[in-house]
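Engineer: Handing over query.tsv, TSV, C-alpha atoms.
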chain	number	residue	atom	x	y	z
L	6	PRO	CA	143.49	22.06	79.32
L	7	ALA	CA	145.01	23.97	82.20
L	8	ARG	CA	142.31	25.48	84.42
L	9	CYS	CA	141.98	28.30	86.90
L	10	PRO	CA	142.41	26.63	90.30
L	11	CYS	CA	139.72	28.90	91.76
L	12	CYS	CA	136.85	28.59	89.26
L	13	ALA	CA	138.06	25.83	86.85
L	14	LEU	CA	137.64	27.87	83.67
L	15	PRO	CA	140.14	26.77	81.00
L	16	LEU	CA	143.24	28.94	80.71
L	17	ALA	CA	146.61	28.88	78.98
L	18	ALA	CA	148.30	28.16	82.34
L	19	ALA	CA	147.10	26.76	85.67
L	20	ALA	CA	146.96	30.08	87.52
L	21	PRO	CA	144.07	32.14	88.90
L	22	CYS	CA	142.13	33.92	86.19
L	23	GLY	CA	141.66	37.68	86.22
L	24	ALA	CA	138.07	37.42	87.45
L	25	CYS	CA	139.11	35.28	90.44
L	26	LEU	CA	141.99	37.63	91.25
L	27	ARG	CA	139.55	40.58	91.30
L	28	ASP	CA	136.70	38.78	93.07
L	29	PRO	CA	137.73	35.36	94.47
L	30	PRO	CA	134.98	32.78	94.99
L	31	PRO	CA	134.29	31.79	98.61
L	32	PHE	CA	135.59	28.26	98.02
L	33	ASP	CA	139.32	27.57	98.04
L	34	ARG	CA	139.70	25.46	94.93
L	35	CYS	CA	137.64	24.06	92.07
L	36	VAL	CA	138.51	20.93	90.10
L	37	ALA	CA	136.67	20.01	86.90
L	38	VAL	CA	137.12	17.11	84.51
L	39	ALA	CA	135.99	18.87	81.34
L	40	ASP	CA	134.01	21.71	79.85
L	41	TYR	CA	130.24	21.29	79.81
L	42	ALA	CA	130.02	20.49	76.10
L	43	PHE	CA	129.70	17.42	73.89
L	44	PRO	CA	129.99	14.58	74.91
L	45	TRP	CA	130.03	15.52	78.61
L	46	ASP	CA	126.71	17.37	78.49
L	47	ARG	CA	124.96	14.24	77.19
L	48	LEU	CA	126.62	11.95	79.73
L	49	ILE	CA	125.60	14.26	82.55
L	50	ALA	CA	122.06	14.69	81.20
L	51	GLY	CA	121.70	10.91	81.18
L	52	LEU	CA	122.87	10.74	84.78
L	53	LYS	CA	120.75	13.64	85.93
L	54	PHE	CA	117.53	13.56	83.93
L	55	GLN	CA	117.24	10.16	82.21
L	56	ASP	CA	117.36	7.77	85.17
L	57	GLN	CA	120.86	6.49	84.43
L	58	PRO	CA	122.70	6.60	87.79
L	59	GLU	CA	125.10	3.92	86.54
L	60	ARG	CA	126.86	6.67	84.56
L	61	ALA	CA	128.15	7.98	87.87
L	62	ARG	CA	130.72	5.18	88.02
L	63	LEU	CA	132.64	6.37	84.94
L	64	LEU	CA	132.22	10.06	85.75
L	65	ALA	CA	133.38	9.56	89.35
L	66	ASP	CA	136.46	7.67	88.15
L	67	LEU	CA	137.35	10.58	85.89
L	68	LEU	CA	136.64	13.11	88.64
L	69	HIS	CA	138.91	11.24	91.04
L	70	GLN	CA	141.69	11.30	88.43
L	71	ALA	CA	141.21	15.04	87.95
L	72	VAL	CA	141.44	15.62	91.71
L	73	LEU	CA	144.67	13.60	91.85
L	74	GLN	CA	146.12	15.54	88.89
L	75	ALA	CA	145.24	18.77	90.68
L	76	GLY	CA	147.38	17.76	93.65
L	77	GLY	CA	145.26	15.27	95.57
L	78	PRO	CA	142.24	15.53	97.81
L	79	ALA	CA	143.69	17.28	100.92
L	80	VAL	CA	140.24	17.06	102.55
L	81	GLN	CA	138.77	14.96	105.36
L	82	CYS	CA	135.22	14.48	104.07
L	83	VAL	CA	133.17	14.65	100.88
L	84	LEU	CA	129.65	16.07	100.67
L	85	PRO	CA	127.26	16.17	97.72
L	86	VAL	CA	125.35	19.28	96.76
L	87	PRO	CA	121.91	18.45	98.19
L	88	LEU	CA	118.61	18.18	96.37
L	89	SER	CA	115.30	19.25	97.86
L	90	GLU	CA	113.02	16.47	99.08
L	91	ARG	CA	110.65	17.08	96.16
L	92	ARG	CA	113.38	16.95	93.53
L	93	LEU	CA	114.91	13.86	95.17
L	94	ALA	CA	111.49	12.16	95.09
L	95	GLU	CA	111.04	13.07	91.41
L	96	ARG	CA	114.48	11.83	90.37
L	97	GLY	CA	114.79	8.93	92.80
L	98	TYR	CA	118.44	9.70	93.58
L	99	ASN	CA	120.82	12.62	93.96
L	100	GLN	CA	123.32	12.59	91.09
L	101	ALA	CA	125.80	14.56	93.21
L	102	TRP	CA	125.66	11.85	95.89
L	103	GLU	CA	126.17	9.13	93.28
L	104	LEU	CA	129.37	10.93	92.26
L	105	ALA	CA	130.49	11.95	95.77
L	106	ARG	CA	130.27	8.51	97.36
L	107	ARG	CA	132.27	6.92	94.56
L	108	VAL	CA	134.96	9.61	94.53
L	109	ALA	CA	135.25	9.36	98.31
L	110	ARG	CA	135.61	5.59	98.11
L	111	HIS	CA	138.43	5.94	95.54
L	112	ALA	CA	140.22	8.44	97.77
L	113	GLY	CA	139.59	6.58	101.04
L	114	LEU	CA	137.59	9.49	102.44
L	115	ARG	CA	134.42	9.78	104.47
L	116	ALA	CA	131.31	10.71	102.48
L	117	GLU	CA	128.14	12.03	104.10
L	118	SER	CA	124.90	12.40	102.18
L	119	GLY	CA	122.73	13.86	104.94
L	120	TRP	CA	124.84	16.55	106.57
L	121	LEU	CA	124.21	19.34	104.06
L	122	GLN	CA	120.49	19.79	103.37
L	123	ARG	CA	118.45	21.90	101.00
L	124	LEU	CA	116.04	23.71	103.28
L	125	ARG	CA	113.61	24.71	100.58
L	126	ASP	CA	112.83	23.64	97.07
L	127	THR	CA	114.24	26.16	94.62
L	128	PRO	CA	113.38	26.45	90.94
L	129	HIS	CA	115.80	24.88	88.47
L	130	GLN	CA	118.87	27.05	87.90
L	131	VAL	CA	118.89	26.39	84.15
L	132	GLY	CA	118.43	29.62	82.21
L	133	LEU	CA	118.78	31.93	85.23
L	134	THR	CA	121.25	34.82	85.30
L	135	ARG	CA	123.98	34.95	87.96
L	136	ALA	CA	121.94	37.41	90.07
L	137	GLU	CA	118.79	35.28	89.75
L	138	ARG	CA	120.73	32.18	90.76
L	139	GLN	CA	122.07	33.93	93.86
L	140	ARG	CA	118.59	35.10	94.89
L	141	ASN	CA	117.21	31.63	94.17
L	142	LEU	CA	119.73	30.03	96.57
L	143	GLN	CA	119.66	32.58	99.38
L	144	ASP	CA	119.10	30.69	102.66
L	145	ALA	CA	118.26	27.51	100.73
L	146	MET	CA	120.86	25.28	102.44
L	147	TRP	CA	121.73	24.35	106.01
L	148	LEU	CA	123.77	21.82	107.95
L	149	THR	CA	122.26	19.32	110.36
L	150	PRO	CA	123.72	19.43	113.91
L	151	ALA	CA	125.77	16.31	113.08
L	152	GLY	CA	126.93	18.00	109.87
L	153	ALA	CA	127.95	21.18	111.67
L	154	ALA	CA	129.97	19.13	114.16
L	155	GLY	CA	131.40	17.00	111.36
L	156	VAL	CA	132.75	19.88	109.25
L	157	ALA	CA	134.01	22.08	112.09
L	158	GLY	CA	137.78	22.31	111.88
L	159	ARG	CA	137.95	20.16	108.74
L	160	ALA	CA	138.63	20.59	105.05
L	161	VAL	CA	135.63	19.55	102.96
L	162	ALA	CA	135.05	18.68	99.30
L	163	LEU	CA	131.70	19.62	97.82
L	164	VAL	CA	130.76	17.46	94.79
L	165	ASP	CA	128.34	18.30	92.00
L	166	ASP	CA	127.85	17.38	88.37
L	167	VAL	CA	128.19	20.85	86.79
L	168	LEU	CA	129.47	24.25	87.88
L	169	THR	CA	127.87	27.07	85.90
L	170	THR	CA	128.05	30.44	87.66
L	171	GLY	CA	129.25	28.99	90.96
L	172	GLY	CA	126.15	30.22	92.79
L	173	THR	CA	125.19	26.84	94.25
L	174	ALA	CA	128.76	26.09	95.30
L	175	ALA	CA	129.10	29.56	96.84
L	176	ALA	CA	125.86	29.20	98.83
L	177	ALA	CA	126.92	25.79	100.14
L	178	THR	CA	130.42	27.08	100.92
L	179	GLN	CA	129.02	29.92	103.01
L	180	VAL	CA	127.01	27.41	105.09
L	181	LEU	CA	130.07	25.20	105.53
L	182	ARG	CA	132.30	28.16	106.48
L	183	ARG	CA	129.81	29.39	109.09
L	184	ALA	CA	129.99	25.93	110.68
L	185	GLY	CA	133.78	26.15	110.88
L	186	ALA	CA	135.03	24.30	107.79
L	187	THR	CA	138.67	25.29	107.35
L	188	GLN	CA	138.70	24.77	103.60
L	189	VAL	CA	136.09	24.05	100.93
L	190	GLN	CA	137.03	22.53	97.61
L	191	VAL	CA	134.50	22.12	94.81
L	192	TRP	CA	134.82	19.00	92.63
L	193	VAL	CA	132.68	18.85	89.49
L	194	VAL	CA	132.53	16.73	86.39
L	195	ALA	CA	131.98	19.68	84.07
L	196	ARG	CA	132.49	23.43	84.07
L	197	THR	CA	130.27	25.58	81.90
L	198	PRO	CA	132.55	27.69	79.69
L	199	ALA	CA	132.53	31.46	80.05
L	200	PRO	CA	130.09	33.19	77.67
Once you've parsed the file, please lay out its structure as structure tokens.
Structural biologist:
Amino acid sequence: PARCPCCALPLAAAAPCGACLRDPPPFDRCVAVADYAFPWDRLIAGLKFQDQPERARLLADLLHQAVLQAGGPAVQCVLPVPLSERRLAERGYNQAWELARRVARHAGLRAESGWLQRLRDTPHQVGLTRAERQRNLQDAMWLTPAGAAGVAGRAVALVDDVLTTGGTAAAATQVLRRAGATQVQVWVVARTPAP
């Protein structure tokens, strides 16, 4: 379906939705492959929680196609949404990095896994309200000195598996903007539909 170019919610036409016109997100654009529903929710759960990083290949291919259909990358580097050290140790890999590095390779772009860091371990976002998610992520992310230098004056794509309320993407975008990123696009496999 057509999607809002700001938040990627499905719409009748590819134009900003009313919510984004009233209160635009801090990122410039959001691209999503599909709604977070069957079968996408199961594919993503396998990637994220069932030790199946090989699913990233298919999902990254589809994400790259969605980015191209939305007008192309128009960015200089691709960053994954970071995991905390504890969550990375539990899972063994960052699903966002598995997607980001493959999408970047398809597009011929630079991908950096270590520039954007999660400063502190935050509780899972699942089941939290929008306000709780925002509090949960406050001051949770930062850029390394190399990352700050790398994003300054550049357009950046931030890759994740799912966009729900946009709280994680907004928190990361604020960090990237403070470091001088000229544009931040959010690329996700799935967008949680509006309630």
Engineer: Give me the residues near stretch 70-79 of chain L as a PyMOL selection string, where near means some atom within 7 Å (using only C-alpha atoms) and where sequence neighbours in that chain fewer than 4 positions away do not count.
Structural biologist: chain L and resi 36-38+66
Engineer: Could those residues be written to a file, using C-alpha atoms, as a PDB file, in the frame of the given file?
Structural biologist:
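The resulting selection-v4.pdb:
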ATOM      1  CA  VAL L  36     138.510  20.930  90.100  1.00  0.00           C
ATOM      2  CA  ALA L  37     136.670  20.010  86.900  1.00  0.00           C
ATOM      3  CA  VAL L  38     137.120  17.110  84.510  1.00  0.00           C
ATOM      4  CA  ASP L  66     136.460   7.670  88.150  1.00  0.00           C
TER       5      ASP L  66
END
Engineer: Between L:Ala13, L:Asp46, L:Gly51, L:Gly113, single out the one closest to L:Cys25, counting all atoms listed in the file.
Structural biologist: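 Selected residue with least distance to L:Cys25: L:Ala13.
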Engineer: Would you work out the distance separating atom CA of L:Trp102 from atom CA of L:Ala116, expressed in Å to one decimal?
Structural biologist: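 Atom CA of L:Ala116 lies at a distance of 8.8 Å from atom CA of L:Trp102.
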Engineer: Just checking: using only C-alpha atoms, which residue out of L:Ile49, L:Ala39, L:Leu163, L:Ala174 ends up closest to L:Leu14?
Structural biologist: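 The shortest atom-to-atom distance to L:Leu14 comes from L:Ala39.
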Engineer: Residues at most 10 Å from L:Ala109, counting all atoms listed in the file, excluding those fewer than 4 positions away in the same chain, as number ranges by chain?
Structural biologist: L: 65, 69, 78, 81-84, 104-105, 113-117, 162, 164
Engineer: Counting all atoms listed in the file, figure out which residue out of L:Ala184, L:Leu64, L:Ala199, L:Ala145 gets nearest to L:Ala24.
Structural biologist: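 Closest to L:Ala24 of all the choices is L:Ala199.
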Engineer: Can you measure atom CA of L:Ala7 to atom CA of L:Arg47 for me? One decimal in Å is fine.
Structural biologist: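 Value for the atom CA of L:Ala7-atom CA of L:Arg47 distance: 22.8 Å.
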Engineer: Please, what distance in Å, to one decimal, runs between atom CA of L:Pro21 and atom CA of L:Arg182?
Structural biologist: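 The value is 21.5 Å.
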Engineer: Pick the closest to L:Val194 from L:Ala50, L:Leu67, L:Cys12, L:Ala18: which is it, counting all atoms listed in the file?
Structural biologist: L:Leu67
